[in-house]
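Data from target-v1.cif: mmCIF, C-alpha atoms, pLDDT in the B column; chains and numbers go by the auth columns
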data_run
loop_
_atom_site.group_PDB
_atom_site.id
_atom_site.type_symbol
_atom_site.label_atom_id
_atom_site.label_comp_id
_atom_site.label_asym_id
_atom_site.label_seq_id
_atom_site.Cartn_x
_atom_site.Cartn_y
_atom_site.Cartn_z
_atom_site.B_iso_or_equiv
_atom_site.auth_seq_id
_atom_site.auth_asym_id
ATOM 1 C CA MET A 1 111.370 114.250 33.219 69.00 1 L
ATOM 2 C CA VAL A 2 109.204 111.152 32.735 80.00 2 L
ATOM 3 C CA ALA A 3 108.634 109.810 29.242 87.00 3 L
ATOM 4 C CA PRO A 4 104.950 110.183 28.289 91.00 4 L
ATOM 5 C CA ARG A 5 103.285 106.786 28.026 91.00 5 L
ATOM 6 C CA PHE A 6 99.543 106.330 27.875 92.00 6 L
ATOM 7 C CA ASP A 7 98.518 103.528 30.240 93.00 7 L
ATOM 8 C CA ASP A 8 95.297 101.667 29.441 92.00 8 L
ATOM 9 C CA LEU A 9 95.139 100.107 32.893 94.00 9 L
ATOM 10 C CA ILE A 10 95.250 103.412 34.767 93.00 10 L
ATOM 11 C CA HIS A 11 93.149 105.514 32.413 89.00 11 L
ATOM 12 C CA PRO A 12 89.613 104.440 33.489 92.00 12 L
ATOM 13 C CA SER A 13 88.417 107.218 35.783 91.00 13 L
ATOM 14 C CA THR A 14 88.011 105.168 38.958 94.00 14 L
ATOM 15 C CA ARG A 15 91.452 103.607 38.669 96.00 15 L
ATOM 16 C CA LEU A 16 93.029 106.945 37.783 96.00 16 L
ATOM 17 C CA SER A 17 91.483 108.460 40.932 96.00 17 L
ATOM 18 C CA ILE A 18 92.758 105.576 43.055 97.00 18 L
ATOM 19 C CA VAL A 19 96.278 105.773 41.673 97.00 19 L
ATOM 20 C CA ALA A 20 96.321 109.595 41.931 96.00 20 L
ATOM 21 C CA LEU A 21 95.447 109.349 45.630 96.00 21 L
ATOM 22 C CA LEU A 22 98.108 106.694 46.197 97.00 22 L
ATOM 23 C CA ALA A 23 100.713 108.706 44.272 96.00 23 L
ATOM 24 C CA ALA A 24 100.451 111.543 46.799 94.00 24 L
ATOM 25 C CA ALA A 25 100.953 109.262 49.802 95.00 25 L
ATOM 26 C CA ASP A 26 103.419 106.689 51.101 94.00 26 L
ATOM 27 C CA TRP A 27 100.466 104.461 51.980 95.00 27 L
ATOM 28 C CA ILE A 28 96.714 104.891 52.359 96.00 28 L
ATOM 29 C CA ASP A 29 94.168 102.963 54.359 95.00 29 L
ATOM 30 C CA PHE A 30 91.669 100.992 52.258 95.00 30 L
ATOM 31 C CA GLY A 31 88.788 102.758 54.050 93.00 31 L
ATOM 32 C CA TYR A 32 90.104 106.210 53.166 94.00 32 L
ATOM 33 C CA VAL A 33 90.139 105.415 49.443 95.00 33 L
ATOM 34 C CA ARG A 34 86.696 103.785 49.685 95.00 34 L
ATOM 35 C CA ASP A 35 85.199 106.831 51.420 94.00 35 L
ATOM 36 C CA ARG A 36 86.778 109.427 49.120 93.00 36 L
ATOM 37 C CA LEU A 37 85.719 107.594 45.974 94.00 37 L
ATOM 38 C CA GLU A 38 82.351 106.558 47.423 93.00 38 L
ATOM 39 C CA LEU A 39 82.788 102.960 46.340 94.00 39 L
ATOM 40 C CA SER A 40 81.640 99.743 47.979 94.00 40 L
ATOM 41 C CA ASP A 41 84.234 97.452 49.553 93.00 41 L
ATOM 42 C CA SER A 42 83.767 94.870 46.812 94.00 42 L
ATOM 43 C CA ALA A 43 83.991 97.393 43.967 95.00 43 L
ATOM 44 C CA LEU A 44 87.196 98.842 45.400 95.00 44 L
ATOM 45 C CA SER A 45 88.627 95.370 46.045 94.00 45 L
ATOM 46 C CA LYS A 46 88.136 94.515 42.377 95.00 46 L
ATOM 47 C CA GLN A 47 90.016 97.632 41.321 95.00 47 L
ATOM 48 C CA PHE A 48 92.830 96.871 43.736 95.00 48 L
ATOM 49 C CA THR A 49 93.037 93.272 42.519 95.00 49 L
ATOM 50 C CA THR A 50 93.460 94.498 38.942 95.00 50 L
ATOM 51 C CA LEU A 51 96.129 96.982 39.987 96.00 51 L
ATOM 52 C CA GLU A 52 97.870 94.433 42.217 96.00 52 L
ATOM 53 C CA GLU A 53 97.991 91.841 39.430 96.00 53 L
ATOM 54 C CA ALA A 54 99.651 94.434 37.213 95.00 54 L
ATOM 55 C CA GLY A 55 102.222 95.052 39.962 96.00 55 L
ATOM 56 C CA TYR A 56 101.052 98.655 40.406 97.00 56 L
ATOM 57 C CA VAL A 57 99.994 98.452 44.057 96.00 57 L
ATOM 58 C CA ARG A 58 100.871 96.395 47.098 96.00 58 L
ATOM 59 C CA LEU A 59 98.281 95.541 49.747 95.00 59 L
ATOM 60 C CA GLU A 60 99.470 95.052 53.322 92.00 60 L
ATOM 61 C CA ARG A 61 97.013 93.421 55.675 89.00 61 L
ATOM 62 C CA GLU A 62 97.453 93.847 59.395 82.00 62 L
ATOM 63 C CA ALA A 63 95.274 92.759 62.302 75.00 63 L
ATOM 64 C CA THR A 64 95.205 94.902 65.438 72.00 64 L
ATOM 65 C CA GLY A 65 92.946 93.281 68.036 70.00 65 L
ATOM 66 C CA ARG A 66 89.610 92.632 66.398 72.00 66 L
ATOM 67 C CA GLN A 67 90.197 95.153 63.645 75.00 67 L
ATOM 68 C CA ARG A 68 91.655 94.252 60.287 79.00 68 L
ATOM 69 C CA ARG A 69 93.269 97.029 58.358 87.00 69 L
ATOM 70 C CA VAL A 70 94.497 97.065 54.823 92.00 70 L
ATOM 71 C CA ARG A 71 97.128 99.553 53.795 94.00 71 L
ATOM 72 C CA VAL A 72 97.739 100.149 50.124 96.00 72 L
ATOM 73 C CA ARG A 73 100.946 101.421 48.560 96.00 73 L
ATOM 74 C CA LEU A 74 101.820 102.349 45.018 96.00 74 L
ATOM 75 C CA THR A 75 104.818 100.322 43.836 97.00 75 L
ATOM 76 C CA GLN A 76 107.650 101.895 41.861 96.00 76 L
ATOM 77 C CA THR A 77 106.201 100.236 38.746 96.00 77 L
ATOM 78 C CA GLY A 78 102.833 101.819 39.500 96.00 78 L
ATOM 79 C CA ARG A 79 104.408 105.206 40.159 96.00 79 L
ATOM 80 C CA ASP A 80 106.354 105.099 36.888 95.00 80 L
ATOM 81 C CA ALA A 81 103.184 104.115 35.002 96.00 81 L
ATOM 82 C CA PHE A 82 101.181 106.909 36.683 96.00 82 L
ATOM 83 C CA GLU A 83 103.789 109.578 35.991 95.00 83 L
ATOM 84 C CA GLY A 84 104.125 108.427 32.386 95.00 84 L
ATOM 85 C CA HIS A 85 100.345 108.496 31.997 95.00 85 L
ATOM 86 C CA VAL A 86 100.045 111.993 33.452 94.00 86 L
ATOM 87 C CA ALA A 87 102.834 113.151 31.136 94.00 87 L
ATOM 88 C CA ALA A 88 100.932 111.623 28.184 94.00 88 L
ATOM 89 C CA LEU A 89 97.728 113.439 29.217 93.00 89 L
ATOM 90 C CA ARG A 90 99.663 116.714 29.445 93.00 90 L
ATOM 91 C CA GLU A 91 101.105 116.055 26.015 92.00 91 L
ATOM 92 C CA VAL A 92 97.589 115.612 24.597 91.00 92 L
ATOM 93 C CA LEU A 93 96.607 118.978 26.074 87.00 93 L
ATOM 94 C CA ALA A 94 99.816 120.667 24.951 85.00 94 L
ATOM 95 C CA GLY A 95 99.309 119.312 21.425 78.00 95 L
ATOM 96 C CA THR A 96 95.799 120.735 21.324 64.00 96 L
ATOM 97 C CA THR A 97 97.030 124.111 22.557 58.00 97 L
ATOM 98 C CA ALA A 98 99.873 124.121 20.008 57.00 98 L
ATOM 99 C CA SER A 99 97.568 123.283 17.086 56.00 99 L
ATOM 100 C CA SER A 100 94.993 125.924 18.064 54.00 100 L
ATOM 101 C CA ASP A 101 97.858 128.446 18.342 55.00 101 L
ATOM 102 C CA ALA A 102 98.983 127.510 14.838 52.00 102 L
ATOM 103 C CA LEU A 103 95.438 127.948 13.482 48.00 103 L
ATOM 104 C CA SER A 104 94.935 131.385 15.020 50.00 104 L
ATOM 105 C CA MET B 1 92.068 101.820 24.047 58.00 1 D
ATOM 106 C CA ASP B 2 92.555 104.962 21.957 68.00 2 D
ATOM 107 C CA GLN B 3 94.280 107.994 23.391 75.00 3 D
ATOM 108 C CA PRO B 4 91.806 110.435 24.926 80.00 4 D
ATOM 109 C CA ASP B 5 90.878 113.677 23.217 84.00 5 D
ATOM 110 C CA SER B 6 91.826 116.978 24.804 87.00 6 D
ATOM 111 C CA ALA B 7 88.561 117.310 26.765 90.00 7 D
ATOM 112 C CA ALA B 8 88.976 113.860 28.304 90.00 8 D
ATOM 113 C CA ALA B 9 92.662 114.546 29.021 92.00 9 D
ATOM 114 C CA ARG B 10 91.759 117.812 30.732 93.00 10 D
ATOM 115 C CA LEU B 11 89.126 116.113 32.903 93.00 11 D
ATOM 116 C CA ALA B 12 91.556 113.341 33.829 94.00 12 D
ATOM 117 C CA LEU B 13 94.267 115.832 34.810 94.00 13 D
ATOM 118 C CA GLN B 14 91.765 117.845 36.855 94.00 14 D
ATOM 119 C CA ASP B 15 90.893 114.677 38.755 94.00 15 D
ATOM 120 C CA VAL B 16 94.578 113.924 39.375 94.00 16 D
ATOM 121 C CA VAL B 17 95.053 117.413 40.844 92.00 17 D
ATOM 122 C CA ALA B 18 91.902 117.100 42.970 93.00 18 D
ATOM 123 C CA ARG B 19 93.062 113.773 44.417 94.00 19 D
ATOM 124 C CA ARG B 20 96.493 115.152 45.275 92.00 20 D
ATOM 125 C CA ARG B 21 94.769 118.051 47.009 91.00 21 D
ATOM 126 C CA GLN B 22 92.637 115.636 49.036 92.00 22 D
ATOM 127 C CA VAL B 23 95.792 114.000 50.343 93.00 23 D
ATOM 128 C CA ALA B 24 97.462 117.371 50.977 89.00 24 D
ATOM 129 C CA GLU B 25 94.452 118.345 53.132 88.00 25 D
ATOM 130 C CA GLU B 26 95.619 115.669 55.591 89.00 26 D
ATOM 131 C CA ILE B 27 98.863 117.511 56.386 88.00 27 D
ATOM 132 C CA ARG B 28 98.660 118.328 60.074 86.00 28 D
ATOM 133 C CA VAL B 29 100.533 118.310 63.351 88.00 29 D
ATOM 134 C CA PRO B 30 98.530 116.657 66.161 88.00 30 D
ATOM 135 C CA ALA B 31 96.994 119.053 68.700 89.00 31 D
ATOM 136 C CA ALA B 32 98.602 116.955 71.455 91.00 32 D
ATOM 137 C CA TYR B 33 102.016 118.101 70.219 91.00 33 D
ATOM 138 C CA TRP B 34 101.156 121.802 70.616 92.00 34 D
ATOM 139 C CA TRP B 35 99.634 121.207 74.044 94.00 35 D
ATOM 140 C CA GLY B 36 102.676 119.184 75.106 93.00 36 D
ATOM 141 C CA VAL B 37 105.097 121.903 74.019 92.00 37 D
ATOM 142 C CA ALA B 38 102.982 124.692 75.569 94.00 38 D
ATOM 143 C CA LEU B 39 102.563 122.930 78.917 95.00 39 D
ATOM 144 C CA GLY B 40 106.250 121.965 78.961 93.00 40 D
ATOM 145 C CA TRP B 41 107.151 125.586 78.227 93.00 41 D
ATOM 146 C CA VAL B 42 105.095 126.839 81.178 94.00 42 D
ATOM 147 C CA ALA B 43 106.469 124.114 83.464 94.00 43 D
ATOM 148 C CA LEU B 44 110.023 125.129 82.583 93.00 44 D
ATOM 149 C CA GLY B 45 109.140 128.771 83.244 93.00 45 D
ATOM 150 C CA VAL B 46 107.700 127.941 86.665 93.00 46 D
ATOM 151 C CA LEU B 47 110.711 125.783 87.563 93.00 47 D
ATOM 152 C CA THR B 48 113.122 128.512 86.476 91.00 48 D
ATOM 153 C CA ASP B 49 111.387 130.966 88.838 90.00 49 D
ATOM 154 C CA THR B 50 110.856 128.647 91.795 91.00 50 D
ATOM 155 C CA ALA B 51 113.352 125.768 91.749 86.00 51 D
ATOM 156 C CA SER B 52 117.121 125.673 91.906 89.00 52 D
ATOM 157 C CA ALA B 53 119.226 126.266 88.805 89.00 53 D
ATOM 158 C CA VAL B 54 120.221 122.589 88.763 92.00 54 D
ATOM 159 C CA VAL B 55 116.600 121.382 88.749 92.00 55 D
ATOM 160 C CA ALA B 56 115.636 123.880 86.041 90.00 56 D
ATOM 161 C CA SER B 57 118.633 122.872 83.913 91.00 57 D
ATOM 162 C CA VAL B 58 117.892 119.148 84.248 93.00 58 D
ATOM 163 C CA ALA B 59 114.213 119.784 83.389 93.00 59 D
ATOM 164 C CA THR B 60 115.242 121.782 80.325 90.00 60 D
ATOM 165 C CA LEU B 61 117.497 118.947 79.154 92.00 61 D
ATOM 166 C CA VAL B 62 114.717 116.380 79.692 93.00 62 D
ATOM 167 C CA PHE B 63 112.252 118.587 77.788 91.00 63 D
ATOM 168 C CA GLY B 64 114.743 118.995 74.956 89.00 64 D
ATOM 169 C CA ALA B 65 115.425 115.251 74.792 91.00 65 D
ATOM 170 C CA VAL B 66 111.722 114.340 74.745 92.00 66 D
ATOM 171 C CA HIS B 67 111.068 116.977 72.091 88.00 67 D
ATOM 172 C CA ALA B 68 113.985 115.760 69.984 87.00 68 D
ATOM 173 C CA SER B 69 112.606 112.221 70.066 89.00 69 D
ATOM 174 C CA VAL B 70 109.055 113.260 69.122 88.00 70 D
ATOM 175 C CA ALA B 71 109.631 116.172 66.723 84.00 71 D
ATOM 176 C CA PRO B 72 111.155 114.346 63.734 80.00 72 D
ATOM 177 C CA ARG B 73 108.052 112.178 63.382 81.00 73 D
ATOM 178 C CA VAL B 74 105.457 114.812 64.198 85.00 74 D
ATOM 179 C CA LEU B 75 106.739 118.123 62.839 82.00 75 D
ATOM 180 C CA ASN B 76 106.829 117.109 59.177 80.00 76 D
ATOM 181 C CA GLY B 77 103.018 116.983 59.213 81.00 77 D
ATOM 182 C CA ARG B 78 102.932 113.748 57.214 84.00 78 D
ATOM 183 C CA HIS B 79 101.527 111.513 59.918 82.00 79 D
ATOM 184 C CA GLY B 80 98.702 113.636 61.305 79.00 80 D
ATOM 185 C CA SER B 81 96.070 111.220 59.988 84.00 81 D
ATOM 186 C CA SER B 82 95.851 107.584 61.032 85.00 82 D
ATOM 187 C CA GLN B 83 94.510 106.742 57.565 90.00 83 D
ATOM 188 C CA LEU B 84 97.464 107.720 55.435 93.00 84 D
ATOM 189 C CA SER B 85 101.010 108.984 55.311 92.00 85 D
ATOM 190 C CA VAL B 86 101.481 112.016 53.068 92.00 86 D
ATOM 191 C CA ARG B 87 104.473 111.819 50.757 91.00 87 D
ATOM 192 C CA ALA B 88 107.372 114.104 51.605 87.00 88 D
ATOM 193 C CA ASP B 89 107.306 115.786 48.184 85.00 89 D
ATOM 194 C CA VAL B 90 103.654 116.770 48.733 86.00 90 D
ATOM 195 C CA VAL B 91 104.421 118.446 52.086 83.00 91 D
ATOM 196 C CA GLY B 92 107.591 120.145 50.878 77.00 92 D
ATOM 197 C CA ARG B 93 110.939 120.147 52.615 73.00 93 D
ATOM 198 C CA ARG B 94 110.641 123.271 54.706 76.00 94 D
ATOM 199 C CA MET B 95 107.853 122.376 57.117 77.00 95 D
ATOM 200 C CA ALA B 96 109.915 120.896 59.976 76.00 96 D
ATOM 201 C CA ALA B 97 112.686 123.490 59.589 81.00 97 D
ATOM 202 C CA LEU B 98 110.111 126.290 59.624 82.00 98 D
ATOM 203 C CA LEU B 99 108.420 125.039 62.798 83.00 99 D
ATOM 204 C CA LEU B 100 111.707 124.360 64.586 83.00 100 D
ATOM 205 C CA GLY B 101 112.937 127.820 63.580 87.00 101 D
ATOM 206 C CA CYS B 102 109.806 129.341 65.104 87.00 102 D
ATOM 207 C CA LEU B 103 110.378 127.445 68.351 86.00 103 D
ATOM 208 C CA VAL B 104 113.954 128.800 68.515 88.00 104 D
ATOM 209 C CA LEU B 105 112.599 132.316 67.952 91.00 105 D
ATOM 210 C CA LEU B 106 110.031 131.769 70.708 91.00 106 D
ATOM 211 C CA ALA B 107 112.810 130.678 73.081 90.00 107 D
ATOM 212 C CA GLY B 108 114.467 134.031 72.385 92.00 108 D
ATOM 213 C CA ALA B 109 111.138 135.805 72.865 93.00 109 D
ATOM 214 C CA THR B 110 110.696 134.080 76.229 92.00 110 D
ATOM 215 C CA ILE B 111 114.072 135.390 77.427 92.00 111 D
ATOM 216 C CA ALA B 112 113.339 138.903 76.156 94.00 112 D
ATOM 217 C CA LEU B 113 109.888 138.952 77.786 94.00 113 D
ATOM 218 C CA ALA B 114 111.286 137.594 81.059 93.00 114 D
ATOM 219 C CA ILE B 115 113.956 140.342 81.139 93.00 115 D
ATOM 220 C CA ALA B 116 111.290 142.956 80.459 93.00 116 D
ATOM 221 C CA ALA B 117 108.998 141.534 83.166 91.00 117 D
ATOM 222 C CA GLN B 118 111.881 141.434 85.654 89.00 118 D
ATOM 223 C CA ALA B 119 112.762 145.029 84.873 92.00 119 D
ATOM 224 C CA ASP B 120 109.130 145.878 85.565 88.00 120 D
ATOM 225 C CA GLY B 121 109.402 144.308 88.998 88.00 121 D
ATOM 226 C CA ALA B 122 107.439 141.101 88.372 86.00 122 D
ATOM 227 C CA ARG B 123 107.926 138.418 91.021 89.00 123 D
ATOM 228 C CA HIS B 124 107.819 135.517 88.537 92.00 124 D
ATOM 229 C CA PRO B 125 109.119 136.978 85.248 93.00 125 D
ATOM 230 C CA VAL B 126 109.968 133.696 83.498 93.00 126 D
ATOM 231 C CA THR B 127 106.578 132.193 84.363 94.00 127 D
ATOM 232 C CA ILE B 128 104.811 135.227 82.914 94.00 128 D
ATOM 233 C CA ALA B 129 106.955 135.129 79.776 95.00 129 D
ATOM 234 C CA SER B 130 106.466 131.382 79.285 94.00 130 D
ATOM 235 C CA VAL B 131 102.675 131.650 79.650 95.00 131 D
ATOM 236 C CA VAL B 132 102.594 134.352 76.968 95.00 132 D
ATOM 237 C CA VAL B 133 104.742 132.217 74.667 94.00 133 D
ATOM 238 C CA ALA B 134 102.702 129.063 75.428 95.00 134 D
ATOM 239 C CA VAL B 135 99.526 130.850 74.333 95.00 135 D
ATOM 240 C CA THR B 136 101.361 131.957 71.174 94.00 136 D
ATOM 241 C CA ILE B 137 102.368 128.334 70.506 92.00 137 D
ATOM 242 C CA LEU B 138 98.804 127.062 70.962 93.00 138 D
ATOM 243 C CA GLY B 139 97.353 129.700 68.664 93.00 139 D
ATOM 244 C CA GLY B 140 100.194 130.155 66.183 90.00 140 D
ATOM 245 C CA GLY B 141 101.333 126.546 65.703 88.00 141 D
ATOM 246 C CA PRO B 142 98.157 125.287 64.032 89.00 142 D
ATOM 247 C CA LEU B 143 97.932 128.539 62.010 90.00 143 D
ATOM 248 C CA LEU B 144 101.446 128.017 60.675 87.00 144 D
ATOM 249 C CA VAL B 145 100.732 124.386 59.768 86.00 145 D
ATOM 250 C CA GLY B 146 97.533 125.584 58.071 86.00 146 D
ATOM 251 C CA ARG B 147 99.595 127.919 55.884 85.00 147 D
ATOM 252 C CA VAL B 148 101.966 125.096 54.928 83.00 148 D
ATOM 253 C CA ARG B 149 98.954 122.897 54.127 83.00 149 D
ATOM 254 C CA ARG B 150 97.401 125.584 51.928 83.00 150 D
ATOM 255 C CA ARG B 151 100.688 125.978 50.052 80.00 151 D
ATOM 256 C CA ALA B 152 100.856 122.224 49.509 78.00 152 D
ATOM 257 C CA VAL B 153 97.254 122.158 48.307 75.00 153 D
ATOM 258 C CA LEU B 154 97.867 125.051 45.910 75.00 154 D
ATOM 259 C CA ALA B 155 101.101 123.447 44.696 71.00 155 D
ATOM 260 C CA GLY B 156 98.969 120.481 43.640 56.00 156 D
ATOM 261 C CA GLY B 157 97.349 122.729 41.096 48.00 157 D
ATOM 262 C CA GLY B 158 100.469 122.812 38.911 44.00 158 D
#
Structure translated into structure tokens:
Amino acid sequence: MVAPRFDDLIHPSTRLSIVALLAAADWIDFGYVRDRLELSDSALSKQFTTLEEAGYVRLEREATGRQRRVRVRLTQTGRDAFEGHVAALREVLAGTTASSDALS
Amino acid sequence: MDQPDSAAARLALQDVVARRRQVAEEIRVPAAYWWGVALGWVALGVLTDTASAVVASVATLVFGAVHASVAPRVLNGRHGSSQLSVRADVVGRRMAALLLGCLVLLAGATIALAIAAQADGARHPVTIASVVVAVTILGGGPLLVGRVRRRAVLAGGG
């Protein structure tokens, strides 16, 4: 059981979507995230830079022939932060349910 | 930043579930695997009917060795997309065991069908049985993986 901990860095919707995708995978291609979230390369790069600076993701660049690929992984720090954040969101919902139960 | 209210928390959690489902949709076993197994199955059937026992035995061992080297990477369904690798906990632990179990059952079905075909006077009973099983593999394999994928997608809803 992860301790609930609201994470300001992850909470903005775009970053939460990015981290939620990464949390379900070992690694994801940059292009996959870009296409699913319908972001431009530069907008997604900015998000990844923020997450990378926080130690939440790791970017691995590899060149195969003329193609350059970037694989992105969630680090253990990022995974812990994500799971804590999700637990905190669930707690908010559970609290609301509990208080409406008490009122009724 | 303040903690979100319940409506914002609900929306955020819904997005988390939707993103996990998107990744789970990528669970698949490449079509080349099913074709490889089906064609190998038929080839072994033909060899059993037409070649010597030694040749058929060696071919079976080679088929088994090639399958054993490919299956661990392919049968878990995590690497069906070139764009990502699905986490093991999203796929669930039973996928590879389920598919391998089905292949063992189909090996038994091949023997049973071949015995039945031989009893019926067929000239190439093992070939007939292996073709039937190969068609089952081509049709049933992707269906089975589809079921596992749907379970994984639905599990993301919790």
Worksheet item: Expanded to explicit residues, what is the PyMOL selection byres ((chain L) within 6 of (chain D)) for this file, as a VMD selection string?
Response: chain L and resid 20 to 21 24 to 29 89 92 to 93
Fill in: Å distance separating CA of Ile137 in chain D from CA of Arg94 in chain D, one decimal place
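So the answer is 18.5 Å.
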Discussion item. Expand the PyMOL selection byres ((chain L and resi 51-68) around 10) into the explicit residue set it covers here, and present it as a PyMOL selection string.
Written reply: chain L and resi 9-10+15+18-19+22+27-30+45-50+69-82
Worksheet item: Quick one, how far is CA of Ile27 in chain D from CA of Val133 in chain D?
Response: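 So the answer is 24.2 Å.
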Discussion item. Starting from the PyMOL selection byres ((chain D and resi 41) around 9), expand the selection into actual residues of this file and give them as a count of residues only.
Written reply: 15
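Taking CA of Ala87 in chain L and CA of Pro4 in chain L as endpoints, the distance between them is 4.6 Å.
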